[in-house]
Structures are given as structure tokens and as C-alpha cells.
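*Asks:* This is query-v4.txt, which holds compact mmCIF, C-alpha atoms:
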```
# COMPACT_ATOMS: atom_id res chain seq x y z
CA PHE A 3 -22.06 4.83 -16.80
CA LEU A 4 -21.31 5.42 -20.48
CA TYR A 5 -24.93 5.94 -21.53
CA GLY A 6 -25.52 8.17 -18.53
CA THR A 7 -22.61 10.39 -19.58
CA PHE A 8 -24.04 11.15 -23.02
CA PRO A 9 -26.27 13.97 -21.61
CA VAL A 10 -23.23 15.37 -19.75
CA ILE A 11 -21.25 15.65 -22.99
CA ILE A 12 -24.11 17.15 -25.01
CA SER A 13 -25.19 19.62 -22.32
CA GLY A 14 -21.57 20.59 -21.62
CA LEU A 15 -20.73 21.31 -25.24
CA GLY A 16 -24.01 23.21 -25.57
CA GLN A 17 -23.15 25.24 -22.49
CA ALA A 18 -19.64 26.01 -23.77
CA PHE A 19 -20.43 26.93 -27.37
CA PHE A 20 -24.17 27.76 -27.54
CA ASN A 21 -24.84 29.31 -24.09
CA TRP A 22 -27.29 26.63 -22.99
CA ASN A 23 -28.24 27.71 -19.48
CA GLY A 24 -31.79 26.55 -19.07
CA PRO A 25 -34.27 25.67 -18.02
CA LEU A 26 -33.68 22.65 -20.28
CA LYS A 27 -36.53 20.16 -20.57
CA THR A 28 -36.96 16.65 -21.86
CA LEU A 29 -39.67 13.97 -21.81
CA GLY A 30 -42.41 16.58 -21.86
CA GLY A 31 -41.10 18.42 -18.81
CA LEU A 32 -40.59 15.29 -16.71
CA ILE A 33 -36.90 16.18 -16.44
CA ILE A 34 -35.92 19.85 -16.06
CA TRP A 35 -32.48 21.16 -15.18
CA TYR A 36 -30.48 24.38 -15.19
CA GLN A 37 -26.84 25.02 -16.04
CA ARG A 38 -24.83 27.87 -14.64
CA PRO A 39 -23.98 30.69 -17.09
CA ILE A 40 -20.27 30.76 -17.91
CA GLU A 41 -18.16 33.63 -19.21
CA ASN A 42 -15.65 31.47 -21.08
CA PHE A 43 -16.04 28.12 -22.82
CA THR A 44 -13.17 26.71 -20.72
CA GLU A 45 -15.32 26.86 -17.57
CA LEU A 46 -17.62 24.00 -18.59
CA THR A 47 -19.74 22.48 -15.80
CA ALA A 48 -22.50 20.67 -17.78
CA LEU A 49 -25.05 19.12 -15.41
CA PHE A 50 -22.84 19.82 -12.40
CA ASN A 51 -22.39 22.94 -10.31
CA ASN A 52 -18.60 23.07 -10.52
CA PRO A 53 -16.00 22.30 -13.24
CA ASN A 54 -14.10 20.01 -10.85
CA TYR A 55 -17.22 17.92 -10.28
CA ALA A 56 -17.91 17.62 -14.00
CA GLY A 57 -14.25 16.83 -14.65
CA LEU A 58 -14.22 14.07 -12.05
CA TRP A 59 -17.35 12.44 -13.46
CA LEU A 60 -15.77 12.41 -16.91
CA ASN A 61 -12.56 10.98 -15.41
CA LEU A 62 -14.52 8.15 -13.80
CA VAL A 63 -16.21 7.19 -17.07
CA TRP A 64 -13.03 7.60 -19.15
CA PRO A 65 -11.55 4.15 -18.21
CA PHE A 66 -14.76 2.40 -19.34
CA CYS A 67 -14.65 4.36 -22.59
CA LEU A 68 -11.04 3.28 -23.25
CA ALA A 69 -12.00 -0.33 -22.45
CA SER A 70 -14.84 -0.06 -24.95
CA ILE A 71 -12.44 1.26 -27.60
CA ILE A 72 -10.09 -1.69 -27.00
CA ILE A 73 -12.93 -4.24 -27.12
CA ASN A 74 -14.45 -2.78 -30.31
CA LYS A 75 -11.25 -2.00 -32.19
CA LYS A 76 -11.99 -4.72 -34.79
CA ILE A 77 -15.69 -3.87 -35.10
CA ILE A 78 -16.35 -1.00 -37.50
CA ILE A 79 -19.61 0.41 -36.10
CA GLY A 80 -18.72 -0.26 -32.46
CA GLY A 81 -15.23 1.13 -32.98
CA ILE A 82 -16.48 4.36 -34.55
CA ALA A 83 -19.07 4.80 -31.78
CA SER A 84 -16.47 4.16 -29.05
CA LEU A 85 -13.92 6.52 -30.61
CA SER A 86 -16.56 9.25 -31.01
CA PHE A 87 -17.58 8.84 -27.39
CA GLY A 88 -13.96 8.92 -26.28
CA PHE A 89 -13.32 12.07 -28.30
CA GLY A 90 -16.37 13.70 -26.72
CA ILE A 91 -15.26 12.83 -23.19
CA ALA A 92 -11.69 14.03 -23.83
CA ILE A 93 -12.79 17.38 -25.31
CA THR A 94 -15.37 17.98 -22.57
CA THR A 95 -12.81 17.16 -19.89
CA ILE A 96 -10.30 19.62 -21.33
CA LEU A 97 -12.96 22.34 -21.47
CA THR A 98 -13.69 22.00 -17.74
CA ASN A 99 -10.31 23.70 -17.20
CA SER A 100 -9.89 21.43 -14.16
CA ARG A 101 -6.22 20.58 -13.67
CA SER A 102 -7.06 17.52 -11.58
CA ALA A 103 -9.33 16.30 -14.41
CA TRP A 104 -6.53 16.79 -16.94
CA PHE A 105 -4.23 14.76 -14.69
CA GLY A 106 -6.85 12.02 -14.36
CA LEU A 107 -7.25 11.87 -18.14
CA PHE A 108 -3.52 11.28 -18.59
CA ILE A 109 -3.08 8.84 -15.69
CA THR A 110 -5.98 6.69 -16.89
CA ILE A 111 -4.30 6.27 -20.28
CA LEU A 112 -1.08 5.15 -18.58
CA PHE A 113 -2.92 2.63 -16.37
CA THR A 114 -5.01 1.30 -19.27
CA TYR A 115 -2.33 0.82 -21.89
CA GLY A 116 0.59 0.13 -19.56
CA LYS A 117 3.74 -0.96 -21.36
CA ARG A 118 2.21 -0.36 -24.77
CA ILE A 119 2.29 3.40 -24.24
CA ILE A 120 6.05 3.32 -23.57
CA ASN A 121 6.60 3.05 -27.33
CA ILE A 122 4.90 6.43 -27.77
CA ILE A 123 7.11 8.25 -25.24
CA PRO A 124 10.20 8.55 -27.54
CA LYS A 125 8.00 10.03 -30.29
CA LEU A 126 6.56 12.55 -27.86
CA PHE A 127 10.04 13.40 -26.61
CA PHE A 128 11.44 14.05 -30.11
CA GLY A 129 8.30 16.00 -31.01
CA PHE A 130 8.76 18.22 -27.97
CA LEU A 131 12.48 18.59 -28.76
CA PHE A 132 11.64 19.62 -32.34
CA ILE A 133 9.19 22.29 -31.11
CA LEU A 134 11.75 23.51 -28.57
CA ILE A 135 14.53 23.87 -31.16
CA THR A 136 12.37 25.48 -33.84
CA SER A 137 10.93 27.91 -31.29
CA LEU A 138 14.40 29.55 -31.22
CA ILE A 139 13.66 30.87 -34.71
CA PRO A 140 11.84 34.23 -34.19
CA LEU A 141 9.29 33.83 -37.02
CA ILE A 142 8.32 30.27 -36.02
CA ASN A 143 8.24 31.24 -32.33
CA LYS A 144 5.60 33.91 -33.07
CA PHE A 145 3.57 31.32 -34.95
CA TYR A 146 3.72 28.91 -31.98
CA GLU A 147 2.70 31.67 -29.58
CA SER A 148 -0.30 32.69 -31.71
CA PHE A 149 -1.37 29.07 -32.18
CA PHE A 150 -1.31 28.16 -28.50
CA LYS A 151 -3.13 31.35 -27.54
CA ILE A 152 -5.92 30.35 -29.90
CA ILE A 153 -6.38 26.78 -28.67
CA ILE A 154 -5.56 27.37 -24.97
CA PRO A 155 -7.16 30.44 -23.39
CA ASN A 156 -5.41 32.41 -20.67
CA GLN A 157 -7.72 30.98 -18.01
CA SER A 158 -6.11 27.57 -18.51
CA TRP A 159 -2.66 28.94 -17.71
CA ILE A 160 -3.41 31.31 -14.89
CA SER A 161 -5.45 30.34 -11.83
CA ALA A 162 -5.17 32.77 -8.93
CA ASP A 163 -6.73 31.84 -5.61
CA GLN A 164 -8.66 34.63 -3.94
CA ASN A 165 -7.14 36.01 -0.76
CA HIS A 166 -4.04 33.87 -1.45
CA ILE A 167 -5.48 30.92 0.49
CA THR A 168 -3.77 27.74 -0.74
CA ARG A 169 -4.61 24.07 -0.26
CA ILE A 170 -1.73 23.85 2.21
CA ASP A 171 -3.23 26.63 4.36
CA ILE A 172 -6.58 24.83 4.40
CA TRP A 173 -5.04 21.46 5.31
CA VAL A 174 -2.92 22.97 8.10
CA SER A 175 -6.02 24.57 9.59
CA ALA A 176 -7.88 21.25 9.44
CA LEU A 177 -4.99 19.37 11.06
CA LYS A 178 -4.80 21.86 13.93
CA ASN A 179 -8.48 21.42 14.65
CA ILE A 180 -8.22 17.63 14.41
CA ILE A 181 -5.51 17.74 17.09
CA SER A 182 -7.77 19.97 19.23
CA ASN A 183 -10.68 17.47 19.03
CA PRO A 184 -9.09 14.08 18.29
CA PHE A 185 -11.73 11.69 19.67
CA PHE A 186 -15.17 13.12 18.90
CA GLY A 187 -14.36 15.72 16.24
CA SER A 188 -15.88 19.15 15.81
CA GLY A 189 -19.14 17.99 14.25
CA SER A 190 -20.37 17.42 10.72
CA GLY A 191 -19.80 20.37 8.38
CA SER A 192 -18.04 22.40 11.05
CA PHE A 193 -14.95 23.23 9.00
CA SER A 194 -16.48 26.15 7.10
CA GLU A 195 -17.43 27.95 10.32
CA ILE A 196 -14.06 27.21 11.94
CA PHE A 197 -12.09 28.43 8.93
CA MET A 198 -14.26 31.53 8.59
CA SER A 199 -13.62 32.46 12.23
CA GLU A 200 -9.87 31.96 11.77
CA THR A 201 -9.32 33.70 8.42
CA GLY A 202 -12.50 35.53 7.49
CA VAL A 203 -12.60 33.50 4.26
CA PHE A 204 -15.30 30.96 3.46
CA LYS A 205 -14.22 27.46 2.47
CA GLY A 206 -16.92 24.82 2.43
CA HIS A 207 -14.62 21.90 3.31
CA PRO A 208 -10.93 21.10 3.89
CA HIS A 209 -10.44 19.86 0.30
CA ASN A 210 -9.51 16.40 1.52
CA LEU A 211 -12.09 13.74 2.33
CA SER A 212 -9.94 12.03 4.98
CA LEU A 213 -9.38 15.33 6.78
CA GLU A 214 -13.11 16.06 6.53
CA LEU A 215 -13.93 12.75 8.25
CA LEU A 216 -11.24 13.20 10.91
CA LEU A 217 -12.32 16.76 11.66
CA SER A 218 -16.05 16.06 11.69
CA TYR A 219 -16.21 12.69 13.48
CA GLY A 220 -12.88 12.27 15.26
CA ILE A 221 -10.02 9.85 14.68
CA PRO A 222 -11.74 6.63 15.87
CA GLY A 223 -14.85 7.22 13.76
CA ALA A 224 -12.83 8.19 10.70
CA ILE A 225 -10.67 5.07 10.98
CA LEU A 226 -13.77 2.87 11.06
CA ILE A 227 -14.94 4.45 7.81
CA ILE A 228 -11.63 4.72 5.98
CA THR A 229 -10.16 1.28 6.82
CA PRO A 230 -12.66 -0.97 4.96
CA ILE A 231 -12.62 1.33 1.93
CA ALA A 232 -8.80 1.29 1.82
CA LEU A 233 -8.73 -2.50 2.32
CA ILE A 234 -11.20 -3.23 -0.48
CA SER A 235 -9.37 -0.85 -2.82
CA PHE A 236 -5.96 -2.36 -2.08
CA LEU A 237 -7.05 -6.01 -2.40
CA SER A 238 -8.94 -5.44 -5.65
CA PHE A 239 -6.05 -3.40 -7.11
CA ARG A 240 -3.58 -6.13 -6.15
CA LYS A 241 -5.78 -8.77 -7.76
CA ILE A 242 -6.18 -7.01 -11.08
CA PHE A 243 -2.78 -5.34 -11.50
CA LEU A 244 -0.29 -7.37 -9.45
CA ASP A 245 -1.53 -10.98 -9.59
CA ARG A 246 0.26 -12.58 -12.53
CA ASN A 247 -2.12 -15.54 -12.49
CA TYR A 248 -5.01 -13.30 -13.47
CA GLU A 249 -5.65 -13.08 -17.23
CA LEU A 250 -5.86 -9.32 -17.83
CA PRO A 251 -6.67 -9.47 -21.57
CA ASN A 252 -10.04 -11.06 -20.70
CA LEU A 253 -10.74 -8.64 -17.84
CA ILE A 254 -10.42 -5.26 -19.52
CA PHE A 255 -13.59 -3.90 -17.93
CA GLU A 256 -12.57 -5.16 -14.48
CA LYS A 257 -9.32 -3.28 -14.99
CA ALA A 258 -11.26 -0.16 -15.99
CA TRP A 259 -13.42 -0.61 -12.87
CA ILE A 260 -10.41 -0.51 -10.55
CA ILE A 261 -8.81 2.41 -12.42
CA SER A 262 -12.03 4.38 -11.98
CA LEU A 263 -12.06 3.60 -8.26
CA ILE A 264 -8.43 4.67 -7.81
CA ILE A 265 -9.03 7.92 -9.73
CA LEU A 266 -12.06 8.69 -7.55
CA LEU A 267 -10.29 8.03 -4.25
CA THR A 268 -7.16 9.91 -5.35
CA SER A 269 -9.20 12.95 -6.35
CA GLN A 270 -10.67 13.13 -2.84
CA MET A 271 -7.20 13.92 -1.52
CA VAL A 272 -7.29 17.40 -3.11
CA ASP A 273 -11.03 18.09 -3.21
CA VAL A 274 -14.28 16.65 -1.84
CA GLN A 275 -16.53 16.05 -4.84
CA TYR A 276 -18.05 13.23 -2.77
CA PHE A 277 -20.57 15.79 -1.51
CA ASP A 278 -22.31 15.53 -4.89
CA GLY A 279 -24.87 12.71 -4.70
CA ARG A 280 -23.97 11.37 -8.15
CA ILE A 281 -20.28 11.13 -7.28
CA SER A 282 -20.96 9.46 -3.91
CA LEU A 283 -23.29 6.91 -5.55
CA PHE A 284 -20.58 6.23 -8.14
CA LEU A 285 -18.10 5.52 -5.33
CA TRP A 286 -20.29 2.99 -3.53
CA ILE A 287 -21.12 1.19 -6.77
CA LEU A 288 -17.41 0.94 -7.55
CA LEU A 289 -16.67 -0.34 -4.04
CA ALA A 290 -19.41 -2.96 -4.32
CA GLY A 291 -18.02 -4.17 -7.65
CA SER A 292 -14.48 -4.23 -6.26
CA ARG A 293 -15.70 -6.34 -3.34
CA ASN A 294 -17.14 -8.80 -5.85
CA ILE A 295 -13.77 -9.01 -7.62
CA ILE A 296 -12.19 -10.04 -4.31
CA ARG A 297 -15.07 -12.41 -3.52
CA LYS A 298 -14.75 -14.06 -6.93
CA GLU A 299 -11.10 -14.86 -6.14
CA GLN A 300 -12.11 -16.35 -2.78
CA GLU A 301 -14.83 -18.47 -4.38
CA GLU A 302 -12.44 -19.73 -7.07
CA ARG A 303 -9.88 -20.68 -4.42
CA LYS A 304 -12.54 -22.49 -2.37
CA TYR A 305 -13.75 -24.35 -5.47
CA LYS A 306 -10.19 -25.51 -6.26
CA ASP A 307 -9.65 -26.63 -2.66
CA ASP A 308 -12.93 -28.59 -2.66
CA TRP A 309 -12.00 -30.18 -5.99
CA VAL A 310 -8.60 -31.29 -4.63
CA VAL A 311 -10.19 -32.76 -1.49
CA SER A 312 -12.88 -34.61 -3.45
CA ASN A 313 -10.27 -36.15 -5.76
```
Mind turning the file's structure into C-alpha cells?
*Replies:*
Amino acid sequence: FLYGTFPVIISGLGQAFFNWNGPLKTLGGLIIWYQRPIENFTELTALFNNPNYAGLWLNLVWPFCLASIIINKKIIIGGIASLSFGFGIAITTILTNSRSAWFGLFITILFTYGKRIINIIPKLFFGFLFILITSLIPLINKFYESFFKIIIPNQSWISADQNHITRIDIWVSALKNIISNPFFGSGSGSFSEIFMSETGVFKGHPHNLSLELLLSYGIPGAILIITPIALISFLSFRKIFLDRNYELPNLIFEKAWIISLIILLTSQMVDVQYFDGRISLFLWILLAGSRNIIRKEQEERKYKDDWVVSN
């Protein structure tokens, strides 16, 4: 995952600052790809078609990067490489201008460092309080305003939805149609046509993977798909984060694995990046690994039981 993200970082930064659009070639033309032209460097998409897709991919790799930083903190070369990679992922994520990606970046840090990050909160609070108080001074306030306008473009502050269609409007429409066809659904990919006929506005999906499944395949079919995924996610999360008998210091990458899975599933509640083949493959790999975490616990329990019986 980390090695595979290196081209995303390089191509994204090239797109943002050097107008790399393509066609871009490597290995003598064996691999060729295009990148969409962007008007502002805060609309970075890299190898993906949409900033939210690129932001999610970076979010999913971010926990593994933090785990690598923790593992290599006492190794000079490995530590420098991990920190450089982490800096690249963080900058690229910010430049996607995806609010969900920004949220994922922050939440991953909280999950990874846990109680250790609590010590930083008072410093952040007093830093914010200092900025707030000094901003009351007219001269310093103008300096703050100029500084933030330089580092944070207007596009990052203002995001207007065309035709004033909000996520809530989309979800309400999806729920109404789920109620109309509860057992067999309306058919795969039917939401865009339904929403277009209702509002005259095109939306490719209901921006929620669960609603997409319920609408397309009906409640029984959606339950059959969602239940095992939810069960695997819950059991693996409980094992890594809630089981006090599990030695977390030695399982930093297992912890990163579960964080990545939770970030992916949570993101599907406000968008459906799963439609990208790379994101969907990422999900099933994470689910397979999470199943192995649960299976490992079962095998260890069985081994202990057999040992007790034999002795």
C-alpha cells in the first residue's frame, strides 16, 4: 500500500504545481495514464478522477504510514524515509480540498496515538487562545488575515453545491424509493435516473453505500451483504482496541489495518468511492486481513484449550 502510493503523491504534486495532465508514460509506454486538468492547486486528484477518491486513498494509507513512523523512530534512515512519506501524504491530502479526507487525516492520528495525543491538546488550546486574543489587535489581525489567505485558498473555505441539492435531499430521495421497493429494489444503478426524473439534477449515486445497496437490491439482499462486513469489522475492532489481553505495542500494523478499514467504511456513509476499482479492492483486502485477525484469536484459544486438555 505504501509503495503503491508513491506514484499518487508524485503525480498529484506534479498535477498541482507543474500542470502534469498527460499522457504520462513509464516503462517505455507500458503504463500510460491521464490526469484531469485543474484550475487551482487545491483541487488535486492525482491518478484518480475525483478529489474525494484521491483523498480517501491517501486516508487509507495514512495509518500504515504512521505505523511505519512509530516503528522506525529509532532508525535514522528508516525514520527519515517514513517522515518524508508521511509529510508527502499529509500535504497531498490537504491539497485535495476534500473535507472528508481532512477529517480522516485527523481521526487517524487520534486512533493511532490514543492517550499520548491528549498531552498535545492543552498546547493546541493555548495556542488557539493566543491567536484569538492577539487577533483583537488591528495590525496583527491584518497579518493573520493575509497569512491565512496565502496558505488556504478561498476554495477551501467556500463550497457551494449546484442547484442547492444537499446530502440530506439525496438521502431522503433514496429512502423514499427504498420504501417504495423494499424487497427487490429498483435495480442496479437506478438512483441516477430516479433522481433525475424527480429533480432534473443528475446525481450518480445516493452518496451512501448502504442506501445504494438497499435501493438497488432491496432490503433482504442488502442485509445479506452488509451483515458479514459489519460483523467482521466489529469483531476485529473489538479484538485490537478493546481486548486488554492483546499486546498493542507489538501489533502496531494490525492496529493500522483496522483503522484503515474503519476509515474506509465510515467514508462510504457520505460518499460511494467504492465504485472505483482500486478502492473496492482495498476494502476486500482489508476485510480479508481483518478476518485473519479474528481467526488468529480463535486458533490461539483452541490451542490453549487443547493444551489444557492434554495436560
*Asks:* To one decimal in Å, tell me the separation between atom CA of A:Phe108 and atom CA of A:Leu283.
*Replies:* 24.1 Å
*Asks:* As a ChimeraX atom specification, please: the residues near stretch 255-271 of chain A (cut-off 10 Å, all atoms listed in the file, same-chain neighbours under 4 positions excluded).
*Replies:* /A:54,58-59,61-70,72-73,102-103,105-107,109-111,113-114,208-213,231-232,235-236,238-243,250-251,275-276,281-282,284-289,291-292,295
*Asks:* Which is closer to A:Ser86 than all the others in A:Ala224, A:Ile234, A:Ile11, A:Leu177, using only C-alpha atoms?
*Replies:*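 Residue with the minimum atom-to-atom distance to A:Ser86: A:Ile11.
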*Asks:* Using all atoms listed in the file, which of A:Thr7, A:Lys76, A:Asn99, A:Val274 sits nearest A:Asn42?
*Replies:*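 Closest to A:Asn42 of all the choices is A:Asn99.
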*Asks:* If I take atom CA of A:Gly220 and atom CA of A:Asn51, how far is one from the other in Å, to one decimal?
*Replies:* 29.3 Å
*Asks:* Can you tell me which residues surround A:Asn179 at a distance of at most 8 Å, considering only C-alpha atoms, apart from same-chain residues fewer than 3 positions away, and format the answer as number ranges by chain?
*Replies:* A: 175-176, 182-183, 188, 217
*Asks:* Atom CA of A:Gly24 to atom CA of A:Lys205: how many Å, to one decimal?
*Replies:* 27.8 Å
*Asks:* Take the point (-33.5, 13.0, -22.8) in the file's coordinates, draw a sphere of radius 12 Å around it, and report as number ranges by chain every protein, DNA or RNA residue with an atom inside or on it, counting all atoms listed in the file.
*Replies:* A: 5-10, 12-13, 26-35
*Asks:* Write out as a list in words the residues lying within 7 Å of stretch 189-198 of chain A, counting only C-alpha atoms and excluding same-chain residues fewer than 2 positions away.
*Replies:* Gly187, Glu200, Thr201, Gly202, Val203, Phe204, Lys205, Gly206, His207, Pro208, Ser218 and Tyr219 of chain A
